[in-house]
Structures are given as structure tokens and as C-alpha cells.
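Visitor: Hey, dropping model.pdb in here, PDB, C-alpha atoms:
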ATOM      1  CA  MET P1026      66.513  84.298  80.417
ATOM      2  CA  ARG P1027      66.703  81.995  83.422
ATOM      3  CA  ILE P1028      64.639  82.533  86.578
ATOM      4  CA  ASP P1029      65.059  80.440  89.710
ATOM      5  CA  ILE P1030      62.444  80.772  92.448
ATOM      6  CA  LEU P1031      63.198  79.725  96.028
ATOM      7  CA  THR P1032      60.156  79.051  98.213
ATOM      8  CA  VAL P1033      58.776  76.800 100.924
ATOM      9  CA  PHE P1034      55.562  76.403  98.910
ATOM     10  CA  PRO P1035      56.619  75.351  95.393
ATOM     11  CA  GLU P1036      53.163  73.950  94.623
ATOM     12  CA  MET P1037      51.788  77.494  94.496
ATOM     13  CA  PHE P1038      53.641  78.117  91.222
ATOM     14  CA  GLN P1039      52.465  75.130  89.178
ATOM     15  CA  GLU P1040      49.473  76.749  87.491
ATOM     16  CA  ALA P1041      50.801  80.303  87.477
ATOM     17  CA  LEU P1042      53.887  79.379  85.468
ATOM     18  CA  SER P1043      52.315  76.944  83.020
ATOM     19  CA  GLY P1044      49.539  78.970  81.416
ATOM     20  CA  SER P1045      49.048  82.062  79.283
ATOM     21  CA  ILE P1046      52.028  84.139  78.118
ATOM     22  CA  ILE P1047      54.491  82.662  80.627
ATOM     23  CA  GLY P1048      53.654  79.098  79.609
ATOM     24  CA  LYS P1049      54.041  79.907  75.911
ATOM     25  CA  ALA P1050      57.353  81.680  76.517
ATOM     26  CA  ARG P1051      58.650  78.610  78.361
ATOM     27  CA  GLU P1052      57.497  76.288  75.575
ATOM     28  CA  LYS P1053      59.350  78.424  73.013
ATOM     29  CA  GLY P1054      62.507  78.364  75.113
ATOM     30  CA  LEU P1055      62.489  82.143  75.536
ATOM     31  CA  ILE P1056      62.528  81.817  79.297
ATOM     32  CA  LYS P1057      63.545  79.017  81.653
ATOM     33  CA  ILE P1058      61.960  78.879  85.105
ATOM     34  CA  ASN P1059      62.946  76.547  87.940
ATOM     35  CA  VAL P1060      61.185  76.364  91.298
ATOM     36  CA  TYR P1061      63.153  75.061  94.299
ATOM     37  CA  ASN P1062      61.820  74.011  97.671
ATOM     38  CA  ILE P1063      63.981  75.681 100.324
ATOM     39  CA  ARG P1064      63.182  72.790 102.678
ATOM     40  CA  ASP P1065      65.254  70.509 100.456
ATOM     41  CA  PHE P1066      68.337  72.447 101.529
ATOM     42  CA  ALA P1067      67.711  72.210 105.283
ATOM     43  CA  THR P1068      70.132  69.836 107.038
ATOM     44  CA  ASP P1069      68.161  68.801 110.139
ATOM     45  CA  LYS P1070      65.844  65.800 110.160
ATOM     46  CA  HIS P1071      62.710  67.963 110.344
ATOM     47  CA  ARG P1072      63.843  70.151 107.413
ATOM     48  CA  MET P1073      63.250  73.312 109.421
ATOM     49  CA  THR P1074      63.418  76.597 107.545
ATOM     50  CA  ASP P1075      62.419  78.870 110.440
ATOM     51  CA  ASP P1076      63.283  79.447 114.102
ATOM     52  CA  TYR P1077      62.546  81.793 117.002
ATOM     53  CA  PRO P1078      64.036  85.305 116.852
ATOM     54  CA  PHE P1079      67.007  86.206 119.033
ATOM     55  CA  GLY P1080      65.995  88.793 121.607
ATOM     56  CA  GLY P1081      62.447  87.527 121.765
ATOM     57  CA  GLY P1082      59.377  88.659 119.876
ATOM     58  CA  LYS P1083      56.424  87.143 118.114
ATOM     59  CA  GLY P1084      56.511  84.925 115.067
ATOM     60  CA  MET P1085      59.248  82.895 113.433
ATOM     61  CA  ILE P1086      62.210  83.963 111.301
ATOM     62  CA  MET P1087      63.508  82.274 108.142
ATOM     63  CA  LYS P1088      66.844  80.607 108.864
ATOM     64  CA  PRO P1089      69.902  81.617 106.827
ATOM     65  CA  GLU P1090      71.464  78.163 106.257
ATOM     66  CA  PRO P1091      68.899  76.636 103.849
ATOM     67  CA  VAL P1092      68.466  79.885 101.901
ATOM     68  CA  PHE P1093      72.222  80.352 101.449
ATOM     69  CA  ALA P1094      72.561  76.691 100.449
ATOM     70  CA  ALA P1095      69.732  77.012  97.901
ATOM     71  CA  VAL P1096      71.222  80.131  96.289
ATOM     72  CA  GLU P1097      74.687  78.563  96.159
ATOM     73  CA  HIS P1098      73.242  75.413  94.555
ATOM     74  CA  VAL P1099      71.524  77.480  91.862
ATOM     75  CA  LEU P1100      74.660  79.506  91.139
ATOM     76  CA  GLU P1101      76.701  76.319  90.889
ATOM     77  CA  ASP P1102      74.143  74.853  88.478
ATOM     78  CA  ALA P1103      74.439  78.037  86.412
ATOM     79  CA  LYS P1104      78.217  77.438  86.144
ATOM     80  CA  GLY P1105      78.980  80.342  88.440
ATOM     81  CA  LYS P1106      77.518  82.988  86.116
ATOM     82  CA  PRO P1107      76.382  86.135  87.956
ATOM     83  CA  ALA P1108      72.725  86.572  88.844
ATOM     84  CA  ARG P1109      70.459  89.215  90.314
ATOM     85  CA  VAL P1110      69.303  87.797  93.639
ATOM     86  CA  ILE P1111      65.961  89.385  94.434
ATOM     87  CA  LEU P1112      64.315  89.273  97.834
ATOM     88  CA  MET P1113      60.558  89.846  97.739
ATOM     89  CA  THR P1114      59.823  91.967 100.804
ATOM     90  CA  PRO P1115      57.437  94.798 101.765
ATOM     91  CA  GLN P1116      60.547  96.751 102.806
ATOM     92  CA  GLY P1117      61.903  96.755  99.249
ATOM     93  CA  LYS P1118      61.695  99.229  96.397
ATOM     94  CA  THR P1119      58.206  99.376  94.914
ATOM     95  CA  LEU P1120      58.090  97.554  91.592
ATOM     96  CA  ASP P1121      57.589  99.816  88.588
ATOM     97  CA  GLN P1122      57.933  99.564  84.823
ATOM     98  CA  ASP P1123      61.501 100.902  84.777
ATOM     99  CA  THR P1124      62.588  98.170  87.197
ATOM    100  CA  VAL P1125      60.771  95.567  85.109
ATOM    101  CA  ARG P1126      62.570  96.678  81.935
ATOM    102  CA  ASP P1127      65.897  96.667  83.759
ATOM    103  CA  LEU P1128      65.423  93.126  85.079
ATOM    104  CA  ALA P1129      64.240  91.865  81.676
ATOM    105  CA  GLU P1130      67.737  92.579  80.342
ATOM    106  CA  GLU P1131      69.320  90.196  82.836
ATOM    107  CA  GLU P1132      70.320  86.668  81.839
ATOM    108  CA  HIS P1133      69.649  85.197  85.272
ATOM    109  CA  MET P1134      67.428  86.098  88.236
ATOM    110  CA  ILE P1135      67.079  84.279  91.545
ATOM    111  CA  ILE P1136      63.954  85.176  93.501
ATOM    112  CA  ILE P1137      63.754  84.490  97.236
ATOM    113  CA  CYS P1138      60.226  84.281  98.632
ATOM    114  CA  GLY P1139      60.150  85.394 102.240
ATOM    115  CA  ARG P1140      57.800  83.784 104.769
ATOM    116  CA  TYR P1141      56.796  83.874 108.434
ATOM    117  CA  GLU P1142      57.483  87.011 110.493
ATOM    118  CA  GLY P1143      60.598  87.872 108.509
ATOM    119  CA  ILE P1144      63.989  86.663 107.351
ATOM    120  CA  ASP P1145      67.386  86.514 108.991
ATOM    121  CA  GLU P1146      69.115  89.825 108.257
ATOM    122  CA  ARG P1147      72.191  88.006 106.927
ATOM    123  CA  ILE P1148      70.112  86.854 103.953
ATOM    124  CA  ARG P1149      69.198  90.453 103.216
ATOM    125  CA  CYS P1150      72.655  91.954 103.563
ATOM    126  CA  SER P1151      74.824  89.130 102.155
ATOM    127  CA  LEU P1152      72.741  87.419  99.479
ATOM    128  CA  ALA P1153      70.205  89.825  98.029
ATOM    129  CA  THR P1154      71.294  92.257  95.337
ATOM    130  CA  ASP P1155      67.793  93.743  95.150
ATOM    131  CA  GLU P1156      64.802  94.026  97.482
ATOM    132  CA  ILE P1157      61.455  94.468  95.747
ATOM    133  CA  SER P1158      57.936  95.128  97.005
ATOM    134  CA  ILE P1159      54.742  95.119  94.949
ATOM    135  CA  GLY P1160      52.990  97.650  97.189
ATOM    136  CA  ASP P1161      52.607  99.137 100.630
ATOM    137  CA  TYR P1162      50.808  96.234 102.228
ATOM    138  CA  VAL P1163      51.777  92.916 103.816
ATOM    139  CA  LEU P1164      51.019  89.459 102.395
ATOM    140  CA  THR P1165      51.522  86.078 104.014
ATOM    141  CA  GLY P1166      54.610  85.416 101.913
ATOM    142  CA  GLY P1167      56.654  86.364  98.880
ATOM    143  CA  GLU P1168      55.116  83.816  96.520
ATOM    144  CA  LEU P1169      52.374  86.018  95.065
ATOM    145  CA  PRO P1170      54.744  88.994  94.646
ATOM    146  CA  ALA P1171      57.220  86.652  92.917
ATOM    147  CA  MET P1172      54.502  85.624  90.458
ATOM    148  CA  VAL P1173      53.748  89.279  89.753
ATOM    149  CA  LEU P1174      57.421  89.992  89.134
ATOM    150  CA  VAL P1175      57.885  86.991  86.818
ATOM    151  CA  ASP P1176      54.770  87.898  84.824
ATOM    152  CA  ALA P1177      55.831  91.534  84.420
ATOM    153  CA  VAL P1178      59.423  90.702  83.457
ATOM    154  CA  THR P1179      58.482  87.912  81.040
ATOM    155  CA  ARG P1180      56.483  90.359  78.920
ATOM    156  CA  PHE P1181      59.671  92.311  78.174
ATOM    157  CA  VAL P1182      61.831  89.337  77.245
ATOM    158  CA  PRO P1183      62.559  89.667  73.493
ATOM    159  CA  GLY P1184      60.218  87.563  71.393
ATOM    160  CA  VAL P1185      57.528  87.085  74.033
ATOM    161  CA  LEU P1186      55.326  89.992  72.896
ATOM    162  CA  SER P1187      55.401  92.234  69.845
ATOM    163  CA  GLU P1188      57.076  95.614  70.154
ATOM    164  CA  GLU P1189      53.818  97.289  69.153
ATOM    165  CA  THR P1190      51.956  95.645  72.030
ATOM    166  CA  LEU P1191      54.528  96.756  74.578
ATOM    167  CA  ILE P1192      54.615 100.336  73.339
ATOM    168  CA  SER P1193      50.843 100.721  73.605
ATOM    169  CA  GLU P1194      50.560  99.462  77.189
ATOM    170  CA  SER P1195      50.013 101.590  80.280
ATOM    171  CA  PHE P1196      53.196 102.982  81.865
ATOM    172  CA  THR P1197      55.356 102.117  78.839
ATOM    173  CA  SER P1198      54.867 105.632  77.455
ATOM    174  CA  GLY P1199      54.786 107.094  80.943
ATOM    175  CA  LEU P1200      50.991 107.444  80.845
ATOM    176  CA  LEU P1201      47.967 105.288  81.565
ATOM    177  CA  ASP P1202      46.397 103.554  78.578
ATOM    178  CA  TYR P1203      43.401 104.971  76.720
ATOM    179  CA  PRO P1204      39.927 103.314  76.866
ATOM    180  CA  GLN P1205      39.487 100.247  74.655
ATOM    181  CA  TYR P1206      36.308  98.919  73.006
ATOM    182  CA  THR P1207      35.270  95.908  70.923
ATOM    183  CA  ARG P1208      32.044  94.486  69.468
ATOM    184  CA  PRO P1209      29.139  94.988  69.862
ATOM    185  CA  ARG P1210      29.103  98.663  68.915
ATOM    186  CA  GLU P1211      26.256  99.267  71.390
ATOM    187  CA  PHE P1212      25.677  97.323  74.593
ATOM    188  CA  ARG P1213      22.889  98.033  77.097
ATOM    189  CA  GLY P1214      22.610 101.608  75.937
ATOM    190  CA  MET P1215      26.374 102.195  76.047
ATOM    191  CA  ALA P1216      27.798 103.016  72.621
ATOM    192  CA  VAL P1217      31.351 102.979  71.327
ATOM    193  CA  PRO P1218      32.585 106.565  70.691
ATOM    194  CA  ASP P1219      31.835 107.558  67.091
ATOM    195  CA  VAL P1220      35.426 108.557  66.415
ATOM    196  CA  LEU P1221      36.608 104.947  66.794
ATOM    197  CA  VAL P1222      34.388 103.776  63.965
ATOM    198  CA  SER P1223      34.945 106.844  61.770
ATOM    199  CA  GLY P1224      37.851 105.353  59.826
ATOM    200  CA  ASP P1225      39.800 108.605  60.312
ATOM    201  CA  HIS P1226      43.104 107.353  61.702
ATOM    202  CA  GLU P1227      44.421 110.792  62.636
ATOM    203  CA  LYS P1228      41.296 111.633  64.633
ATOM    204  CA  ILE P1229      41.488 108.240  66.316
ATOM    205  CA  ARG P1230      45.140 108.815  67.225
ATOM    206  CA  LEU P1231      44.384 112.244  68.737
ATOM    207  CA  TRP P1232      41.343 110.917  70.613
ATOM    208  CA  ARG P1233      43.351 108.069  72.117
ATOM    209  CA  ARG P1234      46.208 110.338  73.138
ATOM    210  CA  LYS P1235      43.829 112.830  74.699
ATOM    211  CA  GLN P1236      42.011 110.072  76.582
ATOM    212  CA  SER P1237      45.327 108.703  77.821
ATOM    213  CA  LEU P1238      46.348 112.137  79.078
ATOM    214  CA  ALA P1239      42.945 112.749  80.663
ATOM    215  CA  ARG P1240      42.926 109.393  82.447
ATOM    216  CA  THR P1241      46.460 109.943  83.734
ATOM    217  CA  LEU P1242      45.592 113.466  84.933
ATOM    218  CA  GLU P1243      42.569 112.118  86.801
ATOM    219  CA  ARG P1244      44.042 108.942  88.291
ATOM    220  CA  ARG P1245      47.828 109.337  88.410
ATOM    221  CA  PRO P1246      48.761 113.021  88.000
ATOM    222  CA  ASP P1247      52.187 112.229  89.466
ATOM    223  CA  LEU P1248      53.067 110.380  86.243
ATOM    224  CA  LEU P1249      52.659 113.558  84.207
ATOM    225  CA  ASP P1250      55.530 115.170  86.110
ATOM    226  CA  MET P1251      57.870 112.415  84.885
ATOM    227  CA  ALA P1252      56.442 111.876  81.399
ATOM    228  CA  SER P1253      58.106 113.224  78.271
ATOM    229  CA  LEU P1254      55.317 115.369  76.812
ATOM    230  CA  SER P1255      55.296 116.866  73.321
ATOM    231  CA  GLU P1256      53.894 120.240  72.318
ATOM    232  CA  GLU P1257      50.822 118.405  71.076
ATOM    233  CA  ASP P1258      50.441 116.718  74.477
ATOM    234  CA  LEU P1259      50.634 120.043  76.277
ATOM    235  CA  LYS P1260      47.936 121.513  74.030
ATOM    236  CA  LEU P1261      45.718 118.489  74.632
ATOM    237  CA  LEU P1262      46.259 118.779  78.380
ATOM    238  CA  ASP P1263      45.283 122.427  78.228
ATOM    239  CA  GLU P1264      42.069 121.425  76.423
ATOM    240  CA  ILE P1265      41.354 118.748  79.016
ATOM    241  CA  LYS P1266      41.793 121.166  81.915
ATOM    242  CA  LYS P1267      39.569 123.795  80.297
ATOM    243  CA  GLU P1268      36.879 121.174  79.616
ATOM    244  CA  LYS P1269      37.108 119.933  83.194
ATOM    245  CA  PHE P1270      36.816 123.480  84.562
ATOM    246  CA  SER P1271      33.821 124.116  82.296
ATOM    247  CA  ASP P1272      32.118 120.935  83.518
ATOM    248  CA  LEU P1273      32.699 121.897  87.158
ATOM    249  CA  THR P1274      31.271 125.362  86.543
ATOM    250  CA  ARG P1275      28.096 123.915  85.031
ATOM    251  CA  GLU P1276      27.704 121.482  87.914
ATOM    252  CA  ASP P1277      28.225 124.148  90.598
ATOM    253  CA  PRO P1278      26.970 127.535  89.404
ATOM    254  CA  GLY P1279      27.336 129.006  92.891
ATOM    255  CA  ASN P1280      24.794 130.410  95.306
ATOM    256  CA  GLU P1281      21.900 132.293  93.748
ATOM    257  CA  HIS P1282      20.551 135.413  95.439
ATOM    258  CA  ASP P1283      17.007 136.714  95.241
TER     259      ASP P1283
END
Do you think you could lay out the structure here as C-alpha cells?
Guide:
Amino acid sequence: MRIDILTVFPEMFQEALSGSIIGKAREKGLIKINVYNIRDFATDKHRMTDDYPFGGGKGMIMKPEPVFAAVEHVLEDAKGKPARVILMTPQGKTLDQDTVRDLAEEEHMIIICGRYEGIDERIRCSLATDEISIGDYVLTGGELPAMVLVDAVTRFVPGVLSEETLISESFTSGLLDYPQYTRPREFRGMAVPDVLVSGDHEKIRLWRRKQSLARTLERRPDLLDMASLSEEDLKLLDEIKKEKFSDLTREDPGNEHD
């Protein structure tokens, strides 16, 4: 897979793209990442990439000329092969695991990092094939969201991680992950659940699945509406709800009368 990142702050990506899983994937040739400075494609002597908005208003707007020129340069370098051109913007579709899996199947992505008060609308409507947000909040630019996107997509590129690792992660199965523990068995009075050291693999499997369901019910109940649940899952959920109701009843026995 090839990823080209267009930004006015290329130095922000040096460390993020050279370490950990991304760095190893690049070393193995599983993924190729190029970072381009949009200023290099500006034609004026000051290499301006922003200007005042037509109609007035606060802030500056990213100019279309250098962004178009940068994208066209990348496409030419890729021998004209098609690419998903992704604009990182708070107005885009919120990034989720399905989108990550979809993008990981692409051969080429171009990521445009927005800056300033916004971008010229012609970039949005004529260049971008996708608009992606990483959440309902505003950052100073698209660089950090681009790093998040690259990290998430890289994990799904074949050969980067084992299939077993991907399957066990949160959201991959439609649920949040179960609690994880490692040595020591007891730490500051907090002990690892006995079932995890029992050696009974079936009990461990059921405990983990139940914990995953319980955590999802508590923190992201909306995911349960979309998850593909088995008969076993439904029984476990029923147990969880009964246990939760029982706990609430013990905590709040109601008003006592003399």
C-alpha cells in the first residue's frame, strides 16, 4: 500500500511514521509512506498556502492552487493509478473500524491535512473522494488526525499484524475488548481473576466473552444493536442484566418504614 500525506508541517510526521508498527511495516516494504510539503507546490515567492476568505470573515483559508498541484504531482508519480483522496476535516464522516478496513484494501491513499480556518471549497468538491473526521471536536490542523488514520489503516494491511491479533481487538468483533492481565498475579491487593489462571480454556473463553459483552453494555450499548450476537451471547447478556439488577437492588433497598 502507498500513502501520500500532504501537509504544511511535514516535520510533525518524522517520529510518528518511523517507530513501532508503522516503522516496521515500512522497513518490510508492506507500506510506503511519503510526506509532501504543500508549500513546495506554491508558485509565489513567499510560498503562500493560505489567503483571506472572499466575503470577509475571520481567519485564513487554504488556497486551492498548491493543493491541486500537490495531488496532481503525486498521481503523476504513481503513473496515473487511481487513489482515494482523503480530506481530514471535522465535517467528515467519523472514522470507525469499517472505514479502516475498507481503506486498508486500497492500493493508494492521498491524505490532505487541512489547516487555518478552513479550506477552499473547490478542494473539497473537486479533489477529495472522502472526508474523514476522528471525532466531534476541532484541532489546529489535520496532521494529528492523519496520523491516527495511518496508524489504524496500517494495522489491517496484510502481513503487518497476525490475523489472531486483529480478531481479538476491540471493535473487530463489534464489541469492546475484555479485560487483560499479566504478571504479577497480585498487585497492591488487586488479584487476577481466578478463572484466568485455572487452566480451563472453556471457562476462560466464556469469562472473556461475558466480560466483553458486559463492558460493551456499560460503555457502548449502541454497539450491541449492530453486533452479530449468537444464542450464547444472548444468554450471557441476560445473565449480565440480571446480575446488574441484583446489584442495584442490594445497593438501594428502598425506603424503610417504621
Visitor: In Å, rounded to a single decimal, give me how far atom CA of P:Glu1142 is from atom CA of P:His1071.
Guide: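 Atom-to-atom, atom CA of P:His1071 and atom CA of P:Glu1142 are spaced 19.8 Å apart.
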Visitor: Can you translate the PyMOL selection byres ((chain P and resi 1177) around 12) into the concrete residues it hits in this file, as a ChimeraX atom specification?
Guide: /P:1046-1047,1120-1129,1159,1170-1176,1178-1182,1185-1186,1191,1194,1197
Visitor: Any chance you can output those residues with C-alpha atoms as a short mmCIF file (atom, residue, chain, number, x, y, z; two decimals), in the frame of the given file?
Guide:
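Output contents, as saved in selection.cif:
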data_model
loop_
_atom_site.label_atom_id
_atom_site.label_comp_id
_atom_site.auth_asym_id
_atom_site.auth_seq_id
_atom_site.Cartn_x
_atom_site.Cartn_y
_atom_site.Cartn_z
CA ILE P 1046 52.03 84.14 78.12
CA ILE P 1047 54.49 82.66 80.63
CA LEU P 1120 58.09 97.55 91.59
CA ASP P 1121 57.59 99.82 88.59
CA GLN P 1122 57.93 99.56 84.82
CA ASP P 1123 61.50 100.90 84.78
CA THR P 1124 62.59 98.17 87.20
CA VAL P 1125 60.77 95.57 85.11
CA ARG P 1126 62.57 96.68 81.94
CA ASP P 1127 65.90 96.67 83.76
CA LEU P 1128 65.42 93.13 85.08
CA ALA P 1129 64.24 91.86 81.68
CA ILE P 1159 54.74 95.12 94.95
CA PRO P 1170 54.74 88.99 94.65
CA ALA P 1171 57.22 86.65 92.92
CA MET P 1172 54.50 85.62 90.46
CA VAL P 1173 53.75 89.28 89.75
CA LEU P 1174 57.42 89.99 89.13
CA VAL P 1175 57.88 86.99 86.82
CA ASP P 1176 54.77 87.90 84.82
CA VAL P 1178 59.42 90.70 83.46
CA THR P 1179 58.48 87.91 81.04
CA ARG P 1180 56.48 90.36 78.92
CA PHE P 1181 59.67 92.31 78.17
CA VAL P 1182 61.83 89.34 77.24
CA VAL P 1185 57.53 87.08 74.03
CA LEU P 1186 55.33 89.99 72.90
CA LEU P 1191 54.53 96.76 74.58
CA GLU P 1194 50.56 99.46 77.19
CA THR P 1197 55.36 102.12 78.84
#
Visitor: For the interface of stretch 1126-1156 of chain P with stretch 1078-1098 of chain P (cut-off 6 Å, counting all atoms listed in the file), please tabulate each contacting residue of stretch 1126-1156 of chain P alongside its nearest pair of atoms and their separation in Å to one decimal, rows sorted by chain and increasing number, as a Markdown table.
Guide:
| residue | atom | partner | partner_atom | distance |
| --- | --- | --- | --- | --- |
| P:Tyr1141 | CA | P:Met1085 | CA | 5.7 |
| P:Glu1142 | CA | P:Gly1084 | CA | 5.1 |
| P:Gly1143 | CA | P:Ile1086 | CA | 5.1 |
| P:Ile1144 | CA | P:Met1087 | CA | 4.5 |
| P:Asp1145 | CA | P:Met1087 | CA | 5.8 |
| P:Ile1148 | CA | P:Pro1089 | CA | 6.0 |
Visitor: Suppose you want the space between atom CA of P:Thr1207 and atom CA of P:Leu1221; what is it in Å?
Guide: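 Separating atom CA of P:Thr1207 from atom CA of P:Leu1221 is a distance of 10.0 Å.
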Visitor: Between P:Arg1230, P:Lys1118, P:Arg1245, P:Lys1260, which residue has the minimum interatomic distance to P:Leu1201, considering all atoms listed in the file?
Guide: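 Among the listed residues, P:Arg1245 lies closest to P:Leu1201.
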Visitor: Please identify all polymer residues within 12 Å of P:Ile1229, counting only C-alpha atoms, omitting same-chain residues fewer than 3 positions from it, and present them as JSON, numbers by chain.
Guide: {"P": [1203, 1204, 1205, 1218, 1219, 1220, 1221, 1222, 1223, 1224, 1225, 1226, 1232, 1233, 1234, 1235, 1236]}
Visitor: Kindly give the distance, in Å, that separates atom CA of P:Ala1050 and atom CA of P:Glu1101, rounded to a single decimal.
Guide: 24.7 Å
Visitor: Which residues come within 7 Å of P:Gly1139, counting all atoms listed in the file, excluding same-chain residues fewer than 2 positions away, as a list of chain:residue names?
Guide: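 Residues near the query, excluding close chain neighbours: P:Met1113, P:Thr1114, P:Ile1137, P:Gly1143, P:Ile1144, P:Gly1166, P:Gly1167.
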Visitor: Translate the PyMOL selection byres ((chain P and resi 1133) around 7) into a concrete residue list for this structure, as a compact mmCIF listing (two decimals) with C-alpha atoms, in the coordinates of the input.
Guide:
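Full text of result.txt as output:
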# COMPACT_ATOMS: atom_id res chain seq x y z
CA MET P 1026 66.51 84.30 80.42
CA ARG P 1027 66.70 82.00 83.42
CA ILE P 1028 64.64 82.53 86.58
CA ALA P 1108 72.72 86.57 88.84
CA ARG P 1109 70.46 89.22 90.31
CA GLU P 1131 69.32 90.20 82.84
CA GLU P 1132 70.32 86.67 81.84
CA MET P 1134 67.43 86.10 88.24
CA ILE P 1135 67.08 84.28 91.54
Visitor: Quick one: everything within 12 Å of P:Asp1263, counting all atoms listed in the file, minus sequence neighbours fewer than 4 positions away in the same chain. Send it as a PyMOL selection string.
Guide: chain P and resi 1235+1238-1239+1242+1256-1259+1267-1270
